[in-house]
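The structure under discussion appears below in the form of structure tokens.
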Amino acid sequence: MLRRTGIIGTLIGLIALLLWAPAAVAAPAAPAASGCGVLASGGSAAAERAIAAACAQVDAGTWYTWGGGHGAQPGATYGQVDPTDPASEHDPERRGFDCSGLVRYAYAQAAGSDILNGVASQQYYTVRAAARFTAAEGTAPLLPGDLLAYGTRQDLHHIAIYLGAGKMVEAKQSGTRLMVSDVRLGGDYFGAVRVNTGAVTGHVFQTWGTGVWTKEAPSVRAGRVYAFSDSTTIRVECQKHAEVVTSDGYTNDAWAYLPDYKAWMTNIYIKGPAWLDGVPTCP
């Protein structure tokens, strides 16, 4: 009787141990036959969701279309003819994405809101940047979900999503479907940005005007860094009184430092008062 009781007690103990043991942490889903998926550890859950959304489009055989993915809401749209690319002649007949349209869609699916609406340059210089990496750093510091940008500081023309293991998912060019590619570190690779899908930090404003240049220093004679083609959301770190500027009927000596661009901009083209409320003075 005592022996039987001991066995029963042991069984009860084993059952309790199984019931209370912590569940195993699920590993990232294996890449599909296309090779598209999370190929390294370390990315955030949101980044992995963005990759899953982009890879689902790869696995569905979705087309690249010039201008695709830039409708009122994130998602595939019919494209347009790119006047510089004869291969785009069928893009108006195909529903798909261009490079930034795919990034927009993937991160909207990941975050639950349209956080990266814009073209490649606006996505790279996003106020949601959690970290930035130069071309010289290569892929060593990158994590799955980081965005890789191509072009120059005056013209960022392409953007893709890093998967890990030297691979990226991209909408590359007309006449092709969305694909997994080797990361191209040579040529005009510009750098990468890690996306913060949470709350935006810092002092955020909206610009106005077209073709407005940011500068290396708070002076109209300083070197050009990047031109805003249209109204853009920016983050301002600080402001200072410097060179007086007269433009579009306004005169102001206030300049704002934009940390995401590592550049300066006259406050004339920032919506708000001449001296921005709540923004500290630069040292």
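Naming works like this for the structure tokens: A, B, ... for the chains as they're shown, residue 1 at the start of each chain, ligands 1 onward in shown order.
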All residues 8 Å or closer to Glu93 in chain A, only C-alpha atoms, same chain fewer than 3 positions away omitted, as a PyMOL selection string: chain A and resi 78-79+90
Just the selected residues (C-alpha atoms), exported as a PDB file, in the first residue's frame, please.
ATOM      1  CA  TYR A  78      -1.575  49.312 -60.327  1.00  0.00           C
ATOM      2  CA  GLY A  79       1.646  51.008 -61.367  1.00  0.00           C
ATOM      3  CA  HIS A  90       3.149  46.893 -68.586  1.00  0.00           C
TER       4      HIS A  90
END
Kindly assemble as JSON lines a list of the range 53-122 of chain A residues that lie within 7 Å of range 34-47 of chain A, each paired with its nearest atom pair and their distance in Å to one decimal, using only C-alpha atoms, sorted first by chain and then by ascending residue number.
{"residue": "A:Cys55", "atom": "CA", "partner": "A:Cys36", "partner_atom": "CA", "distance": 5.4}
{"residue": "A:Asp59", "atom": "CA", "partner": "A:Ser34", "partner_atom": "CA", "distance": 6.5}
{"residue": "A:Ala110", "atom": "CA", "partner": "A:Ala46", "partner_atom": "CA", "distance": 5.2}
{"residue": "A:Ala111", "atom": "CA", "partner": "A:Ala46", "partner_atom": "CA", "distance": 6.6}
Writing out the chosen residues with N, CA and C atoms as a PDB file, in the first residue's frame:
ATOM      1  N   CYS A  55       7.521  38.939 -47.303  1.00  0.00           N
ATOM      2  CA  CYS A  55       7.778  37.616 -47.879  1.00  0.00           C
ATOM      3  C   CYS A  55       6.503  36.960 -48.395  1.00  0.00           C
ATOM      4  N   ASP A  59       6.181  35.277 -52.027  1.00  0.00           N
ATOM      5  CA  ASP A  59       5.668  33.929 -52.249  1.00  0.00           C
ATOM      6  C   ASP A  59       4.418  33.928 -53.126  1.00  0.00           C
ATOM      7  N   ALA A 110       3.146  45.405 -39.877  1.00  0.00           N
ATOM      8  CA  ALA A 110       3.851  45.107 -38.627  1.00  0.00           C
ATOM      9  C   ALA A 110       3.390  45.985 -37.475  1.00  0.00           C
ATOM     10  N   ALA A 111       3.145  47.262 -37.767  1.00  0.00           N
ATOM     11  CA  ALA A 111       2.851  48.228 -36.713  1.00  0.00           C
ATOM     12  C   ALA A 111       1.360  48.449 -36.508  1.00  0.00           C
TER      13      ALA A 111
END
message: So that I can check the secondary structure, give me every residue of range 50-223 of chain A assigned strand (DSSP E) by backbone DSSP, as a PyMOL selection string.
response: chain A and resi 63-64+77-78+95-97+129-134+147-151+156-164+167-170+179-182+189-195+203-206+212-215
Write the residues you've just listed into a file as a PDB file, in the first residue's frame, and include C-alpha atoms for each of them.
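Output file selection_16.pdb follows:
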ATOM      1  CA  TRP A  63       5.018  42.131 -59.462  1.00  0.00           C
ATOM      2  CA  TYR A  64       7.216  45.165 -59.172  1.00  0.00           C
ATOM      3  CA  THR A  77      -1.857  49.087 -56.567  1.00  0.00           C
ATOM      4  CA  TYR A  78      -1.575  49.312 -60.327  1.00  0.00           C
ATOM      5  CA  ARG A  95      -0.935  45.289 -59.309  1.00  0.00           C
ATOM      6  CA  GLY A  96       2.170  45.391 -57.183  1.00  0.00           C
ATOM      7  CA  PHE A  97       4.708  47.513 -55.371  1.00  0.00           C
ATOM      8  CA  ALA A 129      14.776  55.954 -36.744  1.00  0.00           C
ATOM      9  CA  ALA A 130      15.981  53.884 -33.784  1.00  0.00           C
ATOM     10  CA  ALA A 131      19.537  53.598 -35.173  1.00  0.00           C
ATOM     11  CA  ARG A 132      21.457  54.418 -38.357  1.00  0.00           C
ATOM     12  CA  PHE A 133      24.410  52.676 -39.996  1.00  0.00           C
ATOM     13  CA  THR A 134      26.849  53.913 -42.605  1.00  0.00           C
ATOM     14  CA  LEU A 147      16.071  49.119 -44.160  1.00  0.00           C
ATOM     15  CA  LEU A 148      18.923  49.377 -46.667  1.00  0.00           C
ATOM     16  CA  ALA A 149      19.030  52.523 -48.821  1.00  0.00           C
ATOM     17  CA  TYR A 150      20.758  53.167 -52.138  1.00  0.00           C
ATOM     18  CA  GLY A 151      21.686  56.416 -53.854  1.00  0.00           C
ATOM     19  CA  LEU A 156      18.030  58.087 -52.436  1.00  0.00           C
ATOM     20  CA  HIS A 157      16.319  56.049 -55.139  1.00  0.00           C
ATOM     21  CA  HIS A 158      15.972  52.521 -53.693  1.00  0.00           C
ATOM     22  CA  ILE A 159      15.206  50.845 -50.387  1.00  0.00           C
ATOM     23  CA  ALA A 160      14.969  47.196 -49.271  1.00  0.00           C
ATOM     24  CA  ILE A 161      14.396  45.127 -46.112  1.00  0.00           C
ATOM     25  CA  TYR A 162      17.273  43.169 -44.579  1.00  0.00           C
ATOM     26  CA  LEU A 163      16.574  39.493 -43.824  1.00  0.00           C
ATOM     27  CA  GLY A 164      19.914  38.532 -42.254  1.00  0.00           C
ATOM     28  CA  LYS A 167      20.112  38.701 -47.897  1.00  0.00           C
ATOM     29  CA  MET A 168      17.358  41.271 -48.466  1.00  0.00           C
ATOM     30  CA  VAL A 169      13.829  41.311 -49.844  1.00  0.00           C
ATOM     31  CA  GLU A 170      13.087  43.996 -52.411  1.00  0.00           C
ATOM     32  CA  MET A 179      12.474  38.920 -54.868  1.00  0.00           C
ATOM     33  CA  VAL A 180      15.146  37.918 -52.384  1.00  0.00           C
ATOM     34  CA  SER A 181      18.579  39.253 -53.340  1.00  0.00           C
ATOM     35  CA  ASP A 182      22.109  39.316 -52.012  1.00  0.00           C
ATOM     36  CA  TYR A 189      24.819  51.607 -51.178  1.00  0.00           C
ATOM     37  CA  PHE A 190      24.188  54.542 -48.814  1.00  0.00           C
ATOM     38  CA  GLY A 191      23.478  53.020 -45.407  1.00  0.00           C
ATOM     39  CA  ALA A 192      20.742  51.493 -43.273  1.00  0.00           C
ATOM     40  CA  VAL A 193      18.175  52.528 -40.712  1.00  0.00           C
ATOM     41  CA  ARG A 194      16.454  50.571 -37.934  1.00  0.00           C
ATOM     42  CA  VAL A 195      12.774  51.401 -37.562  1.00  0.00           C
ATOM     43  CA  HIS A 203      10.319  67.579 -31.277  1.00  0.00           C
ATOM     44  CA  VAL A 204       8.461  66.727 -34.487  1.00  0.00           C
ATOM     45  CA  PHE A 205       7.348  69.293 -37.059  1.00  0.00           C
ATOM     46  CA  GLN A 206       6.146  69.501 -40.654  1.00  0.00           C
ATOM     47  CA  VAL A 212      13.996  73.077 -49.912  1.00  0.00           C
ATOM     48  CA  TRP A 213      17.627  72.220 -49.144  1.00  0.00           C
ATOM     49  CA  THR A 214      19.085  71.298 -45.784  1.00  0.00           C
ATOM     50  CA  LYS A 215      22.629  72.559 -45.176  1.00  0.00           C
TER      51      LYS A 215
END
Using only C-alpha atoms: which of A:Ser229, A:Ser113, A:Ser88, A:Thr62 has the shortest distance to Gly198 in chain A: A:Ser113
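If only C-alpha atoms are the atoms counted, then among A:Thr281, A:Asn196, A:Thr246, A:Thr207 the closest residue to Met265 in chain A is A:Thr207.
Taking CA of Ala52 in chain A as the reference point, CA of Gly145 in chain A is found at 9.9 Å.
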task: Can you check which residues of range 33-62 of chain A DSSP gives as alpha helix (DSSP H) on the backbone and send them as a list in words?
output: Ala45, Ala46, Ala47, Glu48, Arg49, Ala50, Ile51, Ala52, Ala53, Ala54, Cys55, Ala56, Gln57, Val58 and Asp59 of chain A
- request: Find, counting only C-alpha atoms, the residue in A:Glu216, A:Glu243, A:Asp114, A:Glu237 that gets nearest to Arg153 in chain A.
  value: A:Glu216
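Minimum distance to Gly278 in chain A across A:Val244, A:Ala76, A:Cys238, A:Ala106 (counting only C-alpha atoms) occurs at A:Cys238.
Pairwise distance (CA of Leu178 in chain A, CA of Thr233 in chain A) equals 28.4 Å.
Each of A:Ala54, A:Val225, A:Ala274, A:Val236 was compared to Tyr250 in chain A using only C-alpha atoms, and A:Ala274 turns out to be the nearest.
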- prompt: For Gln122 in chain A, which residue out of A:Ala72, A:Ala254, A:Ile268, A:Val103 is the nearest one, using only C-alpha atoms?
  reply: A:Val103
field: All residues 9 Å or closer to Gly118 in chain A, only C-alpha atoms, same chain fewer than 2 positions away omitted, as a ChimeraX atom specification
entry: /A:70,100-101,104,116,120-123
Write the selection just made, keeping all heavy atoms, as a short mmCIF file (atom, residue, chain, number, x, y, z; two decimals), in the first residue's frame?
data_model
loop_
_atom_site.label_atom_id
_atom_site.label_comp_id
_atom_site.auth_asym_id
_atom_site.auth_seq_id
_atom_site.Cartn_x
_atom_site.Cartn_y
_atom_site.Cartn_z
N HIS A 70 1.43 53.03 -53.41
CA HIS A 70 1.33 54.40 -52.87
C HIS A 70 -0.08 54.94 -52.99
O HIS A 70 -0.29 56.13 -53.26
CB HIS A 70 2.34 55.30 -53.58
CG HIS A 70 3.75 54.94 -53.29
ND1 HIS A 70 4.37 55.25 -52.09
CD2 HIS A 70 4.67 54.25 -54.02
CE1 HIS A 70 5.62 54.78 -52.11
NE2 HIS A 70 5.82 54.16 -53.26
N SER A 100 9.65 51.42 -52.25
CA SER A 100 9.14 52.07 -51.05
C SER A 100 7.70 51.68 -50.76
O SER A 100 7.28 51.67 -49.59
CB SER A 100 9.27 53.59 -51.17
OG SER A 100 8.69 54.07 -52.37
N GLY A 101 6.95 51.34 -51.80
CA GLY A 101 5.59 50.85 -51.58
C GLY A 101 5.59 49.55 -50.80
O GLY A 101 4.73 49.33 -49.93
N ARG A 104 6.56 50.36 -47.18
CA ARG A 104 5.40 50.98 -46.52
C ARG A 104 4.41 49.91 -46.08
O ARG A 104 3.95 49.90 -44.94
CB ARG A 104 4.73 51.95 -47.48
CG ARG A 104 3.44 52.57 -46.94
CD ARG A 104 2.63 53.22 -48.04
NE ARG A 104 1.44 53.87 -47.51
CZ ARG A 104 0.42 54.29 -48.25
NH1 ARG A 104 0.46 54.13 -49.57
NH2 ARG A 104 -0.63 54.86 -47.68
N LEU A 116 5.26 54.47 -42.41
CA LEU A 116 6.34 54.78 -43.35
C LEU A 116 5.78 55.14 -44.73
O LEU A 116 6.27 54.69 -45.76
CB LEU A 116 7.31 53.59 -43.47
CG LEU A 116 8.20 53.33 -42.25
CD1 LEU A 116 9.08 52.10 -42.50
CD2 LEU A 116 9.06 54.53 -41.92
N ALA A 120 11.54 56.43 -50.89
CA ALA A 120 12.71 55.86 -50.23
C ALA A 120 13.43 56.85 -49.32
O ALA A 120 13.82 56.52 -48.20
CB ALA A 120 13.67 55.31 -51.28
N SER A 121 13.62 58.08 -49.79
CA SER A 121 14.35 59.06 -48.99
C SER A 121 13.60 59.40 -47.70
O SER A 121 14.20 59.52 -46.63
CB SER A 121 14.60 60.33 -49.80
OG SER A 121 13.37 60.89 -50.23
N GLN A 122 12.27 59.53 -47.78
CA GLN A 122 11.49 59.83 -46.59
C GLN A 122 11.50 58.66 -45.60
O GLN A 122 11.48 58.87 -44.39
CB GLN A 122 10.05 60.18 -46.99
CG GLN A 122 9.96 61.49 -47.75
CD GLN A 122 8.59 61.69 -48.39
OE1 GLN A 122 8.02 60.77 -48.98
NE2 GLN A 122 8.05 62.89 -48.26
N GLN A 123 11.57 57.45 -46.12
CA GLN A 123 11.62 56.28 -45.24
C GLN A 123 12.99 56.15 -44.58
O GLN A 123 13.09 55.80 -43.40
CB GLN A 123 11.28 55.02 -46.04
CG GLN A 123 9.83 55.01 -46.50
CD GLN A 123 9.52 53.87 -47.45
OE1 GLN A 123 10.41 53.32 -48.09
NE2 GLN A 123 8.26 53.53 -47.57
#
